[in-house]
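Remarks on the structure that follows.
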Amino acid sequence: MVSIALVAVLVSSCITTPVTVTSSTTPMQEKKIIMNYGPVQGTNRAWSLFGLWMIGRPDIAKAIQDALKKKGGDALINVTCYEKTAWYFLFSFHWVVVEGEAVSYEKKDQATGKGKKTDTTGK
Amino acid sequence: MKQEIIALYKGLWRRLQAEKTRTIAVIVIITCALMATGCLYNRTRITDLSPQARIIENRQYRVLGVSEGTSSCFNLLWFIPVTPRTNYEKAVNDAVAGMRGDNIIEVSTWIERQVWLVGLVEILHVRGTVIQYEK
């Protein structure tokens, strides 16, 4: 039993890979930031069998939503994104991690038409 | 109290031992099922996150909704290219055309790589919010 545990420990490892750095998650031109909630982090995870067959996928949009849920806000600015992978005995886990500053921006008056955003999907 | 905790751990250990065979059997069945399909490897890797796919030409726009576009390629026997390479522009056009918009914002991009017995499939996904400029 000890040998199995030893092998399990020996074959465990992890790696962090940078994905991208971007100024914001949404276009911020002509948008006035009215509140900066500070740094937040969001993650989303998927796993794979033997590190070969991934079940699902790490979703970056869900990671952003996870980050925004923590302190509120409309978007992230100064964003860093990286992937973390951890291999264990039979499984491996894959995380996408999004870090940035959560901000709220001023919604333009729709009557002026400037920067108007009309959601036709009803969301 | 200490003895109760030890007894609890012993009970859990015995239960794990009893279920060990079943767990191994389930893993073997899943592995065989995946191998039988011919899929040797399947992995998704996130490649990019950006505010917009192209320069925003007009600040006044309508949001049409979320759309996804893809571009794929196939390599016979894993290294002989049969189809053109994956193309980011094609995937963006695919996403934009899906909603008849002009540009795509809040863009996330990822590559799905599938290794099959006969070859390699790569699929580039582009997902974001499609916008249409106000005339």
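By convention in this document, the chains of the structure tokens carry letters A, B, ... by their order, each chain's residues are numbered from 1, and ligands are numbered from 1 in the order they are shown.
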
Find the residues of segment 73-110 of chain A that sit at most 12 Å from segment 45-58 of chain B; for each, write down the nearest two atoms and how far apart they are in Å, to one decimal. Count only C-alpha atoms. Sort by chain, then by number going up, and give it as CSV.
```
residue,atom,partner,partner_atom,distance
A:Ala75,CA,B:Pro51,CA,10.3
A:Leu76,CA,B:Pro51,CA,10.2
A:Ile77,CA,B:Pro51,CA,10.0
A:Asn78,CA,B:Ser50,CA,11.3
A:Val79,CA,B:Leu49,CA,9.1
A:Thr80,CA,B:Leu49,CA,9.4
A:Cys81,CA,B:Leu49,CA,8.0
A:Tyr82,CA,B:Ile46,CA,8.7
A:Glu83,CA,B:Ile46,CA,7.9
A:Lys84,CA,B:Arg45,CA,10.9
A:Thr85,CA,B:Arg45,CA,10.8
A:His94,CA,B:Arg45,CA,9.4
A:Trp95,CA,B:Ile46,CA,10.3
A:Val96,CA,B:Ile46,CA,8.0
A:Val97,CA,B:Ile46,CA,10.7
A:Val98,CA,B:Leu49,CA,10.0
```

Just the selected residues (C-alpha atoms), exported as an mmCIF file, in the first residue's frame, please.
```cif
data_model
loop_
_atom_site.group_PDB
_atom_site.id
_atom_site.type_symbol
_atom_site.label_atom_id
_atom_site.label_comp_id
_atom_site.auth_asym_id
_atom_site.auth_seq_id
_atom_site.Cartn_x
_atom_site.Cartn_y
_atom_site.Cartn_z
ATOM 1 C CA ALA A 75 -15.979 44.085 -16.704
ATOM 2 C CA LEU A 76 -12.372 43.312 -15.873
ATOM 3 C CA ILE A 77 -9.456 45.573 -16.733
ATOM 4 C CA ASN A 78 -5.707 44.853 -16.708
ATOM 5 C CA VAL A 79 -6.456 41.193 -17.220
ATOM 6 C CA THR A 80 -4.022 38.316 -16.910
ATOM 7 C CA CYS A 81 -5.060 34.831 -17.901
ATOM 8 C CA TYR A 82 -3.215 31.586 -17.332
ATOM 9 C CA GLU A 83 -3.847 27.857 -17.301
ATOM 10 C CA LYS A 84 -2.944 25.500 -14.496
ATOM 11 C CA THR A 85 -2.748 21.747 -14.973
ATOM 12 C CA HIS A 94 -7.168 21.816 -15.813
ATOM 13 C CA TRP A 95 -7.982 25.275 -14.501
ATOM 14 C CA VAL A 96 -8.251 28.512 -16.364
ATOM 15 C CA VAL A 97 -7.503 31.423 -14.046
ATOM 16 C CA VAL A 98 -8.471 35.006 -14.854
#
```

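Those residues that approach Asp94 of chain B to within 9 Å, counting only C-alpha atoms, are Ser67, Glu68, Gly69, Thr70, Ser71, Glu89, Lys90, Gly98 and Val126 of chain B; same-chain residues fewer than 4 positions away are not listed.
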
How about saving the chosen residues, N, CA and C atoms kept, as a short mmCIF file (atom, residue, chain, number, x, y, z; two decimals), in the first residue's frame?
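Here's the written file out00.cif:
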```cif
data_model
loop_
_atom_site.label_atom_id
_atom_site.label_comp_id
_atom_site.auth_asym_id
_atom_site.auth_seq_id
_atom_site.Cartn_x
_atom_site.Cartn_y
_atom_site.Cartn_z
N SER B 67 -22.24 34.44 -30.09
CA SER B 67 -22.10 33.52 -31.22
C SER B 67 -20.74 32.83 -31.19
N GLU B 68 -20.68 31.70 -31.84
CA GLU B 68 -19.42 30.95 -31.88
C GLU B 68 -19.11 30.54 -33.31
N GLY B 69 -17.86 30.71 -33.69
CA GLY B 69 -17.42 30.30 -35.02
C GLY B 69 -16.26 29.34 -34.90
N THR B 70 -16.10 28.49 -35.89
CA THR B 70 -15.01 27.51 -35.84
C THR B 70 -14.26 27.44 -37.16
N SER B 71 -13.05 26.96 -37.07
CA SER B 71 -12.26 26.65 -38.26
C SER B 71 -11.47 25.40 -37.90
N GLU B 89 -9.29 34.22 -38.92
CA GLU B 89 -10.19 35.11 -39.67
C GLU B 89 -11.47 34.36 -40.09
N LYS B 90 -11.28 33.12 -40.53
CA LYS B 90 -12.42 32.32 -40.97
C LYS B 90 -13.36 32.03 -39.79
N GLY B 98 -22.94 34.22 -38.48
CA GLY B 98 -24.02 33.47 -37.82
C GLY B 98 -25.14 34.37 -37.35
N VAL B 126 -13.90 30.36 -31.84
CA VAL B 126 -13.94 31.77 -31.46
C VAL B 126 -15.35 32.06 -30.97
#
```

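Checking B:Tyr88, B:Tyr133, B:Phe79, B:Tyr9 one by one against chain A, counting only C-alpha atoms, you find the shortest gap at B:Tyr133.
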
- Could you list, as number ranges by chain, every residue of chain B that has an atom within 6 Å of an atom of chain A, counting only C-alpha atoms? B: 41-43, 47-48, 51, 59-60, 62-65, 106

Take the residues just selected and output them with N, CA and C atoms as an mmCIF file, in the first residue's frame.
```cif
data_model
loop_
_atom_site.group_PDB
_atom_site.id
_atom_site.type_symbol
_atom_site.label_atom_id
_atom_site.label_comp_id
_atom_site.auth_asym_id
_atom_site.auth_seq_id
_atom_site.Cartn_x
_atom_site.Cartn_y
_atom_site.Cartn_z
ATOM 1 N N TYR B 41 -6.649 10.786 -27.839
ATOM 2 C CA TYR B 41 -6.311 11.961 -27.035
ATOM 3 C C TYR B 41 -7.277 13.073 -27.384
ATOM 4 N N ASN B 42 -7.716 13.794 -26.403
ATOM 5 C CA ASN B 42 -8.643 14.891 -26.632
ATOM 6 C C ASN B 42 -8.351 15.974 -25.609
ATOM 7 N N ARG B 43 -8.002 17.157 -26.085
ATOM 8 C CA ARG B 43 -7.603 18.207 -25.152
ATOM 9 C C ARG B 43 -8.012 19.569 -25.708
ATOM 10 N N THR B 47 -6.467 29.866 -25.945
ATOM 11 C CA THR B 47 -5.355 30.543 -26.618
ATOM 12 C C THR B 47 -5.418 32.063 -26.521
ATOM 13 N N ASP B 48 -6.606 32.632 -26.369
ATOM 14 C CA ASP B 48 -6.653 34.097 -26.338
ATOM 15 C C ASP B 48 -7.932 34.615 -25.692
ATOM 16 N N PRO B 51 -10.696 42.138 -26.095
ATOM 17 C CA PRO B 51 -11.937 42.936 -26.062
ATOM 18 C C PRO B 51 -12.710 42.879 -27.371
ATOM 19 N N ARG B 59 -18.549 53.688 -32.935
ATOM 20 C CA ARG B 59 -18.792 53.540 -31.490
ATOM 21 C C ARG B 59 -20.258 53.222 -31.182
ATOM 22 N N GLN B 60 -21.105 53.515 -32.151
ATOM 23 C CA GLN B 60 -22.526 53.249 -31.924
ATOM 24 C C GLN B 60 -22.891 51.910 -32.566
ATOM 25 N N ARG B 62 -25.247 48.001 -32.036
ATOM 26 C CA ARG B 62 -26.272 47.193 -31.367
ATOM 27 C C ARG B 62 -25.674 45.847 -31.024
ATOM 28 N N VAL B 63 -26.005 45.312 -29.868
ATOM 29 C CA VAL B 63 -25.537 43.983 -29.484
ATOM 30 C C VAL B 63 -26.548 42.953 -29.983
ATOM 31 N N LEU B 64 -26.066 42.018 -30.799
ATOM 32 C CA LEU B 64 -26.982 41.024 -31.374
ATOM 33 C C LEU B 64 -27.066 39.747 -30.535
ATOM 34 N N GLY B 65 -25.971 39.411 -29.868
ATOM 35 C CA GLY B 65 -25.994 38.201 -29.028
ATOM 36 C C GLY B 65 -24.694 37.434 -29.111
ATOM 37 N N GLU B 106 -15.690 40.966 -26.792
ATOM 38 C CA GLU B 106 -15.568 40.033 -25.651
ATOM 39 C C GLU B 106 -15.217 38.633 -26.175
#
```

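What separates atom CA of Ala95 of chain B from atom CA of Val66 of chain B is a distance of 8.8 Å.
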
- Message: Please compute the atom CA of Arg127 of chain B-atom CA of Lys62 of chain A distance, one decimal, in Å.
- Response: 12.5 Å

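Atom pair atom CA of Phe91 of chain A / atom CA of Gln65 of chain A has a distance of 26.2 Å (rounded to one decimal).
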
- For Tyr105 of chain A, which residue among A:Lys31, A:Ala86, A:Arg45, A:Gly72 is the nearest when counting only C-alpha atoms? A:Lys31

Need the shell around Leu40 of chain B: protein/DNA/RNA residues with any atom at most 9 Å away, counting only C-alpha atoms. Skip same-chain ones fewer than 2 positions apart. Format as a PDB file with N, CA and C atoms, in the first residue's frame?
```pdb
ATOM      1  N   LEU A  52      -5.425  12.247 -20.751  1.00  0.00           N
ATOM      2  CA  LEU A  52      -5.567  12.013 -22.193  1.00  0.00           C
ATOM      3  C   LEU A  52      -6.917  12.467 -22.735  1.00  0.00           C
ATOM      4  N   TRP A  53      -7.974  12.159 -22.018  1.00  0.00           N
ATOM      5  CA  TRP A  53      -9.308  12.490 -22.508  1.00  0.00           C
ATOM      6  C   TRP A  53      -9.934  13.535 -21.606  1.00  0.00           C
TER       7      TRP A  53
ATOM      8  N   LEU B  34     -13.455   4.510 -24.656  1.00  0.00           N
ATOM      9  CA  LEU B  34     -12.829   5.630 -25.353  1.00  0.00           C
ATOM     10  C   LEU B  34     -11.872   5.143 -26.444  1.00  0.00           C
ATOM     11  N   MET B  35     -11.121   4.094 -26.134  1.00  0.00           N
ATOM     12  CA  MET B  35     -10.184   3.542 -27.112  1.00  0.00           C
ATOM     13  C   MET B  35     -10.935   2.964 -28.306  1.00  0.00           C
ATOM     14  N   THR B  37     -13.603   3.955 -29.640  1.00  0.00           N
ATOM     15  CA  THR B  37     -14.058   4.985 -30.579  1.00  0.00           C
ATOM     16  C   THR B  37     -12.920   5.426 -31.484  1.00  0.00           C
ATOM     17  N   GLY B  38     -11.703   5.084 -31.126  1.00  0.00           N
ATOM     18  CA  GLY B  38     -10.555   5.478 -31.941  1.00  0.00           C
ATOM     19  C   GLY B  38      -9.936   6.774 -31.482  1.00  0.00           C
ATOM     20  N   ASN B  42      -7.716  13.794 -26.403  1.00  0.00           N
ATOM     21  CA  ASN B  42      -8.643  14.891 -26.632  1.00  0.00           C
ATOM     22  C   ASN B  42      -8.351  15.974 -25.609  1.00  0.00           C
ATOM     23  N   GLN B 114      -7.876  16.778 -31.238  1.00  0.00           N
ATOM     24  CA  GLN B 114      -8.303  15.378 -31.084  1.00  0.00           C
ATOM     25  C   GLN B 114      -7.363  14.485 -31.885  1.00  0.00           C
ATOM     26  N   VAL B 115      -6.745  13.536 -31.209  1.00  0.00           N
ATOM     27  CA  VAL B 115      -5.875  12.580 -31.900  1.00  0.00           C
ATOM     28  C   VAL B 115      -6.665  11.280 -32.062  1.00  0.00           C
ATOM     29  N   TRP B 116      -6.884  10.891 -33.318  1.00  0.00           N
ATOM     30  CA  TRP B 116      -7.621   9.672 -33.634  1.00  0.00           C
ATOM     31  C   TRP B 116      -6.648   8.646 -34.218  1.00  0.00           C
ATOM     32  N   LEU B 117      -7.119   7.436 -34.388  1.00  0.00           N
ATOM     33  CA  LEU B 117      -6.259   6.384 -34.955  1.00  0.00           C
ATOM     34  C   LEU B 117      -5.797   6.738 -36.362  1.00  0.00           C
TER      35      LEU B 117
END
```

- Would you give me, as number ranges by chain, the residues in segment 55-119 of chain A that DSSP reads as alpha helix (DSSP H)? A: 60-71
